[in-house]
$ cat model.pdb   # PDB, C-alpha atoms
ATOM      1  CA  MET A   1       0.000   0.000   0.000  1.00  0.00           C
ATOM      2  CA  LEU A   2       1.342   3.426  -0.981  1.00  0.00           C
ATOM      3  CA  ASP A   3       2.317   5.684   1.912  1.00  0.00           C
ATOM      4  CA  PRO A   4       0.242   8.876   2.091  1.00  0.00           C
ATOM      5  CA  ILE A   5       1.653  11.667  -0.080  1.00  0.00           C
ATOM      6  CA  VAL A   6       2.373  14.886   1.806  1.00  0.00           C
ATOM      7  CA  LEU A   7       3.005  18.290   0.243  1.00  0.00           C
ATOM      8  CA  TYR A   8       4.682  20.905   2.425  1.00  0.00           C
ATOM      9  CA  GLY A   9       3.878  24.506   1.539  1.00  0.00           C
ATOM     10  CA  ASN A  10       3.632  27.896   3.165  1.00  0.00           C
ATOM     11  CA  ARG A  11       1.047  29.748   5.219  1.00  0.00           C
ATOM     12  CA  PRO A  12      -0.472  32.018   3.959  1.00  0.00           C
ATOM     13  CA  VAL A  13      -0.809  30.152   0.681  1.00  0.00           C
ATOM     14  CA  THR A  14       1.164  32.317  -1.766  1.00  0.00           C
ATOM     15  CA  SER A  15       4.043  30.338  -3.317  1.00  0.00           C
ATOM     16  CA  PRO A  16       3.730  29.828  -7.093  1.00  0.00           C
ATOM     17  CA  TYR A  17       6.136  26.902  -6.819  1.00  0.00           C
ATOM     18  CA  VAL A  18       4.049  25.130  -4.189  1.00  0.00           C
ATOM     19  CA  MET A  19       1.084  25.895  -6.441  1.00  0.00           C
ATOM     20  CA  CYS A  20       2.790  24.126  -9.348  1.00  0.00           C
ATOM     21  CA  VAL A  21       3.195  20.901  -7.334  1.00  0.00           C
ATOM     22  CA  PHE A  22      -0.304  21.185  -5.828  1.00  0.00           C
ATOM     23  CA  VAL A  23      -1.815  21.465  -9.325  1.00  0.00           C
ATOM     24  CA  ALA A  24       0.305  18.566 -10.616  1.00  0.00           C
ATOM     25  CA  LEU A  25      -1.001  16.330  -7.826  1.00  0.00           C
ATOM     26  CA  GLU A  26      -4.575  17.404  -8.534  1.00  0.00           C
ATOM     27  CA  GLU A  27      -4.206  16.903 -12.292  1.00  0.00           C
ATOM     28  CA  LYS A  28      -2.972  13.362 -11.667  1.00  0.00           C
ATOM     29  CA  SER A  29      -5.854  12.750  -9.214  1.00  0.00           C
ATOM     30  CA  LEU A  30      -3.439  11.762  -6.448  1.00  0.00           C
ATOM     31  CA  PRO A  31      -4.732  12.046  -2.874  1.00  0.00           C
ATOM     32  CA  PHE A  32      -2.366  14.025  -0.676  1.00  0.00           C
ATOM     33  CA  GLU A  33      -2.129  15.921   2.583  1.00  0.00           C
ATOM     34  CA  PHE A  34      -1.222  19.615   2.394  1.00  0.00           C
ATOM     35  CA  ARG A  35       0.823  20.768   5.384  1.00  0.00           C
ATOM     36  CA  ARG A  36       1.685  24.441   5.703  1.00  0.00           C
ATOM     37  CA  LEU A  37       4.564  26.145   7.468  1.00  0.00           C
ATOM     38  CA  ASP A  38       4.650  29.762   8.606  1.00  0.00           C
ATOM     39  CA  LEU A  39       7.809  30.973   6.896  1.00  0.00           C
ATOM     40  CA  SER A  40       7.579  34.382   8.584  1.00  0.00           C
ATOM     41  CA  ARG A  41       8.088  32.618  11.906  1.00  0.00           C
ATOM     42  CA  GLY A  42      10.956  30.550  10.566  1.00  0.00           C
ATOM     43  CA  GLU A  43       9.190  27.208  10.826  1.00  0.00           C
ATOM     44  CA  GLN A  44      11.134  26.019   7.770  1.00  0.00           C
ATOM     45  CA  HIS A  45      14.301  26.292   9.870  1.00  0.00           C
ATOM     46  CA  GLY A  46      12.998  24.068  12.659  1.00  0.00           C
ATOM     47  CA  ALA A  47      15.092  20.993  13.392  1.00  0.00           C
ATOM     48  CA  GLU A  48      12.334  18.566  12.395  1.00  0.00           C
ATOM     49  CA  TYR A  49      11.690  20.177   9.016  1.00  0.00           C
ATOM     50  CA  VAL A  50      15.405  20.534   8.262  1.00  0.00           C
ATOM     51  CA  ARG A  51      15.707  16.805   8.956  1.00  0.00           C
ATOM     52  CA  LEU A  52      12.975  16.100   6.387  1.00  0.00           C
ATOM     53  CA  SER A  53      13.752  18.657   3.675  1.00  0.00           C
ATOM     54  CA  ILE A  54      17.299  18.778   2.339  1.00  0.00           C
ATOM     55  CA  THR A  55      16.775  22.398   1.204  1.00  0.00           C
ATOM     56  CA  ASN A  56      14.536  23.394   4.166  1.00  0.00           C
ATOM     57  CA  ARG A  57      12.365  25.249   1.652  1.00  0.00           C
ATOM     58  CA  VAL A  58       8.916  24.775   0.204  1.00  0.00           C
ATOM     59  CA  PRO A  59       7.686  22.924  -1.687  1.00  0.00           C
ATOM     60  CA  THR A  60       8.870  19.622  -0.316  1.00  0.00           C
ATOM     61  CA  LEU A  61       7.024  16.428  -1.161  1.00  0.00           C
ATOM     62  CA  TYR A  62       6.941  13.185   0.793  1.00  0.00           C
ATOM     63  CA  CYS A  63       6.249  10.241  -1.520  1.00  0.00           C
ATOM     64  CA  ASP A  64       7.367   6.616  -1.643  1.00  0.00           C
ATOM     65  CA  GLY A  65       9.273   7.003   1.609  1.00  0.00           C
ATOM     66  CA  HIS A  66      11.402   9.885   0.320  1.00  0.00           C
ATOM     67  CA  TYR A  67      11.389  13.677   0.716  1.00  0.00           C
ATOM     68  CA  LEU A  68      11.876  15.609  -2.533  1.00  0.00           C
ATOM     69  CA  SER A  69      12.475  19.347  -2.929  1.00  0.00           C
ATOM     70  CA  GLU A  70      12.348  21.945  -5.735  1.00  0.00           C
ATOM     71  CA  SER A  71       9.146  22.176  -7.728  1.00  0.00           C
ATOM     72  CA  VAL A  72      10.431  21.147 -11.169  1.00  0.00           C
ATOM     73  CA  ALA A  73      12.257  18.131  -9.737  1.00  0.00           C
ATOM     74  CA  ILE A  74       9.040  17.157  -7.958  1.00  0.00           C
ATOM     75  CA  THR A  75       6.753  17.524 -10.977  1.00  0.00           C
ATOM     76  CA  GLU A  76       9.140  15.568 -13.193  1.00  0.00           C
ATOM     77  CA  TYR A  77       9.243  12.835 -10.543  1.00  0.00           C
ATOM     78  CA  LEU A  78       5.452  12.752 -10.400  1.00  0.00           C
ATOM     79  CA  GLU A  79       5.277  12.449 -14.201  1.00  0.00           C
ATOM     80  CA  GLU A  80       7.608   9.453 -14.147  1.00  0.00           C
ATOM     81  CA  ARG A  81       6.248   7.815 -11.000  1.00  0.00           C
ATOM     82  CA  PHE A  82       2.559   8.253 -11.867  1.00  0.00           C
ATOM     83  CA  ALA A  83       2.935   7.986 -15.596  1.00  0.00           C
ATOM     84  CA  PRO A  84       0.385   8.199 -18.413  1.00  0.00           C
ATOM     85  CA  PRO A  85      -1.900   6.648 -19.455  1.00  0.00           C
ATOM     86  CA  GLU A  86      -2.896   5.526 -15.954  1.00  0.00           C
ATOM     87  CA  HIS A  87      -2.502   9.085 -14.728  1.00  0.00           C
ATOM     88  CA  ALA A  88      -2.940  12.371 -16.588  1.00  0.00           C
ATOM     89  CA  ARG A  89       0.040  13.646 -18.551  1.00  0.00           C
ATOM     90  CA  ILE A  90       1.496  16.915 -17.193  1.00  0.00           C
ATOM     91  CA  TYR A  91       4.475  17.230 -19.565  1.00  0.00           C
ATOM     92  CA  PRO A  92       4.174  17.182 -23.366  1.00  0.00           C
ATOM     93  CA  LEU A  93       4.849  13.926 -25.193  1.00  0.00           C
ATOM     94  CA  ASP A  94       6.532  15.730 -28.089  1.00  0.00           C
ATOM     95  CA  ARG A  95      10.249  16.339 -27.415  1.00  0.00           C
ATOM     96  CA  ILE A  96      10.296  19.912 -28.703  1.00  0.00           C
ATOM     97  CA  GLU A  97       7.161  20.861 -26.790  1.00  0.00           C
ATOM     98  CA  ARG A  98       8.577  19.220 -23.662  1.00  0.00           C
ATOM     99  CA  ALA A  99      11.786  21.228 -24.050  1.00  0.00           C
ATOM    100  CA  GLN A 100       9.758  24.439 -24.406  1.00  0.00           C
ATOM    101  CA  ALA A 101       7.776  23.567 -21.287  1.00  0.00           C
ATOM    102  CA  ARG A 102      11.012  23.111 -19.343  1.00  0.00           C
ATOM    103  CA  MET A 103      12.317  26.377 -20.781  1.00  0.00           C
ATOM    104  CA  VAL A 104       9.242  28.162 -19.394  1.00  0.00           C
ATOM    105  CA  GLN A 105       9.677  26.529 -16.002  1.00  0.00           C
ATOM    106  CA  GLY A 106      13.311  27.602 -15.913  1.00  0.00           C
ATOM    107  CA  LEU A 107      12.571  31.171 -16.959  1.00  0.00           C
ATOM    108  CA  VAL A 108       9.859  31.838 -14.383  1.00  0.00           C
ATOM    109  CA  ARG A 109      12.094  30.516 -11.602  1.00  0.00           C
ATOM    110  CA  SER A 110      15.394  32.159 -12.539  1.00  0.00           C
ATOM    111  CA  ASP A 111      14.514  35.266 -14.543  1.00  0.00           C
ATOM    112  CA  PHE A 112      12.267  38.359 -14.294  1.00  0.00           C
ATOM    113  CA  MET A 113      13.451  39.153 -10.777  1.00  0.00           C
ATOM    114  CA  PRO A 114      12.370  42.845 -10.755  1.00  0.00           C
ATOM    115  CA  LEU A 115       8.903  41.814 -11.943  1.00  0.00           C
ATOM    116  CA  ARG A 116       8.688  38.975  -9.425  1.00  0.00           C
ATOM    117  CA  VAL A 117       9.569  41.412  -6.630  1.00  0.00           C
ATOM    118  CA  GLN A 118       7.319  44.278  -7.737  1.00  0.00           C
ATOM    119  CA  ARG A 119       4.402  42.005  -8.601  1.00  0.00           C
ATOM    120  CA  SER A 120       4.898  39.223  -6.086  1.00  0.00           C
ATOM    121  CA  THR A 121       2.198  36.586  -5.820  1.00  0.00           C
ATOM    122  CA  ASP A 122       1.335  38.156  -2.455  1.00  0.00           C
ATOM    123  CA  THR A 123      -0.316  40.950  -4.480  1.00  0.00           C
ATOM    124  CA  PHE A 124      -3.086  38.623  -5.667  1.00  0.00           C
ATOM    125  CA  PHE A 125      -2.911  35.566  -3.391  1.00  0.00           C
ATOM    126  CA  ALA A 126      -2.778  37.640  -0.192  1.00  0.00           C
ATOM    127  CA  SER A 127      -4.000  41.116  -1.229  1.00  0.00           C
ATOM    128  CA  ALA A 128      -0.689  42.918  -0.704  1.00  0.00           C
ATOM    129  CA  PRO A 129      -0.555  46.497  -2.067  1.00  0.00           C
ATOM    130  CA  ILE A 130       1.241  47.364  -5.301  1.00  0.00           C
ATOM    131  CA  ALA A 131       3.048  50.387  -6.717  1.00  0.00           C
ATOM    132  CA  SER A 132       3.872  51.355 -10.294  1.00  0.00           C
ATOM    133  CA  LEU A 133       6.536  49.296 -12.004  1.00  0.00           C
ATOM    134  CA  ASP A 134       9.971  50.876 -12.034  1.00  0.00           C
ATOM    135  CA  PRO A 135      12.037  50.868 -15.282  1.00  0.00           C
ATOM    136  CA  ALA A 136      13.493  47.414 -14.548  1.00  0.00           C
ATOM    137  CA  GLY A 137      10.043  46.030 -13.844  1.00  0.00           C
ATOM    138  CA  GLU A 138       8.691  47.594 -17.019  1.00  0.00           C
ATOM    139  CA  ARG A 139      11.497  46.020 -19.054  1.00  0.00           C
ATOM    140  CA  ASP A 140      10.650  42.636 -17.545  1.00  0.00           C
ATOM    141  CA  LYS A 141       6.986  43.195 -18.381  1.00  0.00           C
ATOM    142  CA  GLN A 142       7.762  43.928 -22.025  1.00  0.00           C
ATOM    143  CA  ARG A 143      10.092  40.938 -22.288  1.00  0.00           C
ATOM    144  CA  LEU A 144       7.521  38.623 -20.708  1.00  0.00           C
ATOM    145  CA  GLU A 145       4.893  39.846 -23.161  1.00  0.00           C
ATOM    146  CA  ARG A 146       7.202  39.180 -26.111  1.00  0.00           C
ATOM    147  CA  ILE A 147       8.126  35.678 -24.934  1.00  0.00           C
ATOM    148  CA  ALA A 148       4.547  34.695 -24.079  1.00  0.00           C
ATOM    149  CA  LEU A 149       3.167  35.958 -27.389  1.00  0.00           C
ATOM    150  CA  ALA A 150       5.843  34.012 -29.282  1.00  0.00           C
ATOM    151  CA  LEU A 151       5.210  30.828 -27.283  1.00  0.00           C
ATOM    152  CA  LEU A 152       1.439  30.904 -27.653  1.00  0.00           C
ATOM    153  CA  ALA A 153       1.136  32.418 -31.145  1.00  0.00           C
ATOM    154  CA  GLY A 154      -2.630  31.912 -31.268  1.00  0.00           C
ATOM    155  CA  LYS A 155      -2.525  28.516 -29.530  1.00  0.00           C
ATOM    156  CA  SER A 156      -4.488  27.562 -26.433  1.00  0.00           C
ATOM    157  CA  TYR A 157      -1.437  26.138 -24.633  1.00  0.00           C
ATOM    158  CA  ILE A 158       2.362  26.209 -24.759  1.00  0.00           C
ATOM    159  CA  GLY A 159       2.220  22.875 -26.587  1.00  0.00           C
ATOM    160  CA  SER A 160      -0.522  20.893 -28.273  1.00  0.00           C
ATOM    161  CA  HIS A 161      -2.252  20.202 -24.962  1.00  0.00           C
ATOM    162  CA  PHE A 162      -2.270  21.532 -21.415  1.00  0.00           C
ATOM    163  CA  CYS A 163       0.909  20.911 -19.418  1.00  0.00           C
ATOM    164  CA  ILE A 164       2.158  21.950 -15.996  1.00  0.00           C
ATOM    165  CA  ALA A 165       4.274  24.741 -17.532  1.00  0.00           C
ATOM    166  CA  ASP A 166       1.022  26.430 -18.598  1.00  0.00           C
ATOM    167  CA  VAL A 167       0.311  26.939 -14.898  1.00  0.00           C
ATOM    168  CA  ASP A 168       3.747  28.518 -14.443  1.00  0.00           C
ATOM    169  CA  LEU A 169       3.338  30.833 -17.436  1.00  0.00           C
ATOM    170  CA  ALA A 170      -0.248  31.763 -16.583  1.00  0.00           C
ATOM    171  CA  THR A 171       0.734  32.589 -13.006  1.00  0.00           C
ATOM    172  CA  MET A 172       3.600  34.767 -14.193  1.00  0.00           C
ATOM    173  CA  LEU A 173       1.186  36.608 -16.491  1.00  0.00           C
ATOM    174  CA  GLN A 174      -1.321  36.975 -13.667  1.00  0.00           C
ATOM    175  CA  ARG A 175       1.254  39.005 -11.753  1.00  0.00           C
ATOM    176  CA  LEU A 176       0.297  41.677 -14.292  1.00  0.00           C
ATOM    177  CA  CYS A 177      -3.207  40.747 -15.469  1.00  0.00           C
ATOM    178  CA  ALA A 178      -4.646  40.216 -11.979  1.00  0.00           C
ATOM    179  CA  ASN A 179      -3.161  43.558 -10.904  1.00  0.00           C
ATOM    180  CA  ARG A 180      -4.674  45.273 -13.978  1.00  0.00           C
ATOM    181  CA  ASP A 181      -1.393  46.301 -15.528  1.00  0.00           C
ATOM    182  CA  PRO A 182      -1.880  46.966 -19.274  1.00  0.00           C
ATOM    183  CA  MET A 183      -1.360  43.669 -21.086  1.00  0.00           C
ATOM    184  CA  PRO A 184      -2.342  42.164 -24.465  1.00  0.00           C
ATOM    185  CA  SER A 185      -5.869  40.809 -24.081  1.00  0.00           C
ATOM    186  CA  GLU A 186      -4.940  37.432 -25.558  1.00  0.00           C
ATOM    187  CA  LEU A 187      -2.369  36.857 -22.813  1.00  0.00           C
ATOM    188  CA  CYS A 188      -4.798  37.717 -20.036  1.00  0.00           C
ATOM    189  CA  ASP A 189      -7.458  35.535 -21.672  1.00  0.00           C
ATOM    190  CA  TYR A 190      -4.979  32.658 -21.744  1.00  0.00           C
ATOM    191  CA  ALA A 191      -4.008  33.190 -18.102  1.00  0.00           C
ATOM    192  CA  ARG A 192      -7.637  33.296 -16.959  1.00  0.00           C
ATOM    193  CA  ARG A 193      -8.474  30.184 -18.980  1.00  0.00           C
ATOM    194  CA  ILE A 194      -5.656  28.219 -17.345  1.00  0.00           C
ATOM    195  CA  TRP A 195      -6.802  29.456 -13.952  1.00  0.00           C
ATOM    196  CA  GLU A 196     -10.300  28.135 -14.634  1.00  0.00           C
ATOM    197  CA  ARG A 197      -9.029  24.549 -14.517  1.00  0.00           C
ATOM    198  CA  PRO A 198     -10.523  22.670 -11.530  1.00  0.00           C
ATOM    199  CA  SER A 199      -7.043  21.864 -10.209  1.00  0.00           C
ATOM    200  CA  VAL A 200      -6.122  25.559 -10.113  1.00  0.00           C
ATOM    201  CA  ARG A 201      -9.494  26.579  -8.692  1.00  0.00           C
ATOM    202  CA  LYS A 202      -8.829  24.257  -5.733  1.00  0.00           C
ATOM    203  CA  TRP A 203      -5.597  26.144  -5.097  1.00  0.00           C
ATOM    204  CA  LEU A 204      -7.229  29.554  -5.452  1.00  0.00           C
ATOM    205  CA  ALA A 205      -9.877  28.541  -2.903  1.00  0.00           C
ATOM    206  CA  LEU A 206      -7.085  28.324  -0.303  1.00  0.00           C
ATOM    207  CA  THR A 207      -5.890  31.879  -1.019  1.00  0.00           C
ATOM    208  CA  GLU A 208      -7.339  35.378  -0.751  1.00  0.00           C
ATOM    209  CA  TYR A 209      -7.659  35.641  -4.534  1.00  0.00           C
ATOM    210  CA  LYS A 210     -10.936  37.372  -5.461  1.00  0.00           C
ATOM    211  CA  GLY A 211     -10.597  37.267  -9.241  1.00  0.00           C
ATOM    212  CA  ALA A 212      -9.368  39.772 -11.796  1.00  0.00           C
TER     213      ALA A 212
END
$ encode --input "model.pdb" --output "structure tokens"
Amino acid sequence: MLDPIVLYGNRPVTSPYVMCVFVALEEKSLPFEFRRLDLSRGEQHGAEYVRLSITNRVPTLYCDGHYLSESVAITEYLEERFAPPEHARIYPLDRIERAQARMVQGLVRSDFMPLRVQRSTDTFFASAPIASLDPAGERDKQRLERIALALLAGKSYIGSHFCIADVDLATMLQRLCANRDPMPSELCDYARRIWERPSVRKWLALTEYKGA
């Protein structure tokens, strides 16, 4: 019998990387327990959590007797461990599309730092206030628009079908769309459509998100 799966996230529920794993578990219809740590109180540095999580960050996933950290590593593990066709596919089958999905996941985690700071997910998952973008944030906004328009190019998803990287891209776009920054309508429509998926709606129900 499979041990219960446990996802460790943060409280309040604001991390886009925890969100990515949460949605992956929901898309694959895997039952799991969601445990939340108060990062502002340093609970991630507690001896017990440090013993469990090699990075002492969130997300961390307990599955098959092991603790795994970093959201992309976790979602790739879930795709291999709970593989199609028994479970829903969350990465594209096509090699090029799969590479593009991984490119998106890398970009939203390593790039766009001014935008990620000035439009943190706290601004729509926890109702934090916002200010106008500074020049660096505006440059990130324009670059994100260009990349997203090129990736989608009239398509419904990054690839031929929905994949977990669509959640990452849509959430990055929502940093702007949900805060009513001027954006191409097709990008905001895409972001809202991805956020209408039942798996994402379950996440949003745990946050303070009221809708754009």
$ resolve_selection --input "model.pdb" --expression "the PyMOL selection byres ((chain A and resi 175-182) around 7)" --output "list of chain:residue names"
A:Arg119, A:Ser120, A:Thr121, A:Phe124, A:Thr171, A:Met172, A:Leu173, A:Gln174, A:Met183, A:Cys188, A:Ala212
$ resolve_selection --input "model.pdb" --expression "the PyMOL selection byres ((chain A and resi 98-110) around 7)" --output "list of chain:residue names"
A:Tyr91, A:Pro92, A:Leu93, A:Asp94, A:Arg95, A:Ile96, A:Glu97, A:Asp111, A:Phe112, A:Ile158, A:Ala165, A:Asp168, A:Leu169, A:Met172
$ residues_around --input "model.pdb" --residues "stretch 72-79 of chain A" --least-positions-apart "2" --cutoff "12 Å" --atoms "all atoms listed in the file" --output "PyMOL selection string"
chain A and resi 5+7-8+16-30+58-64+66-70+81-93+98+101-109+163-165+168
$ atom_distance --input "model.pdb" --atom1 "atom CA of A:Leu39" --atom2 "atom CA of A:Ser199"
24.4 Å
$ resolve_selection --input "model.pdb" --expression "the PyMOL selection byres ((chain A and resi 208) around 9)" --output "VMD selection string"
chain A and resid 12 to 13 124 to 127 204 to 207 209 to 210
$ write_last_selection --input "model.pdb" --atoms "C-alpha atoms" --output "JSON list (two decimals), keeping the file's coordinate frame"
[["chain", "number", "residue", "atom", "x", "y", "z"],
["A", 12, "PRO", "CA", -0.47, 32.02, 3.96],
["A", 13, "VAL", "CA", -0.81, 30.15, 0.68],
["A", 124, "PHE", "CA", -3.09, 38.62, -5.67],
["A", 125, "PHE", "CA", -2.91, 35.57, -3.39],
["A", 126, "ALA", "CA", -2.78, 37.64, -0.19],
["A", 127, "SER", "CA", -4.00, 41.12, -1.23],
["A", 204, "LEU", "CA", -7.23, 29.55, -5.45],
["A", 205, "ALA", "CA", -9.88, 28.54, -2.90],
["A", 206, "LEU", "CA", -7.08, 28.32, -0.30],
["A", 207, "THR", "CA", -5.89, 31.88, -1.02],
["A", 209, "TYR", "CA", -7.66, 35.64, -4.53],
["A", 210, "LYS", "CA", -10.94, 37.37, -5.46]]
$ atom_distance --input "model.pdb" --atom1 "atom CA of A:Arg201" --atom2 "atom CA of A:Glu145"
24.3 Å
$ atom_distance --input "model.pdb" --atom1 "atom CA of A:Pro184" --atom2 "atom CA of A:Gly211"
18.0 Å
$ closest_residue --input "model.pdb" --among "A:Ala191, A:Trp203, A:Ala153, A:Gly9" --to "A:Ala170" --atoms "all atoms listed in the file"
A:Ala191
$ closest_residue --input "model.pdb" --among "A:Arg57, A:Asp166, A:Pro129, A:Arg36" --to "A:Leu151" --atoms "only C-alpha atoms"
A:Asp166
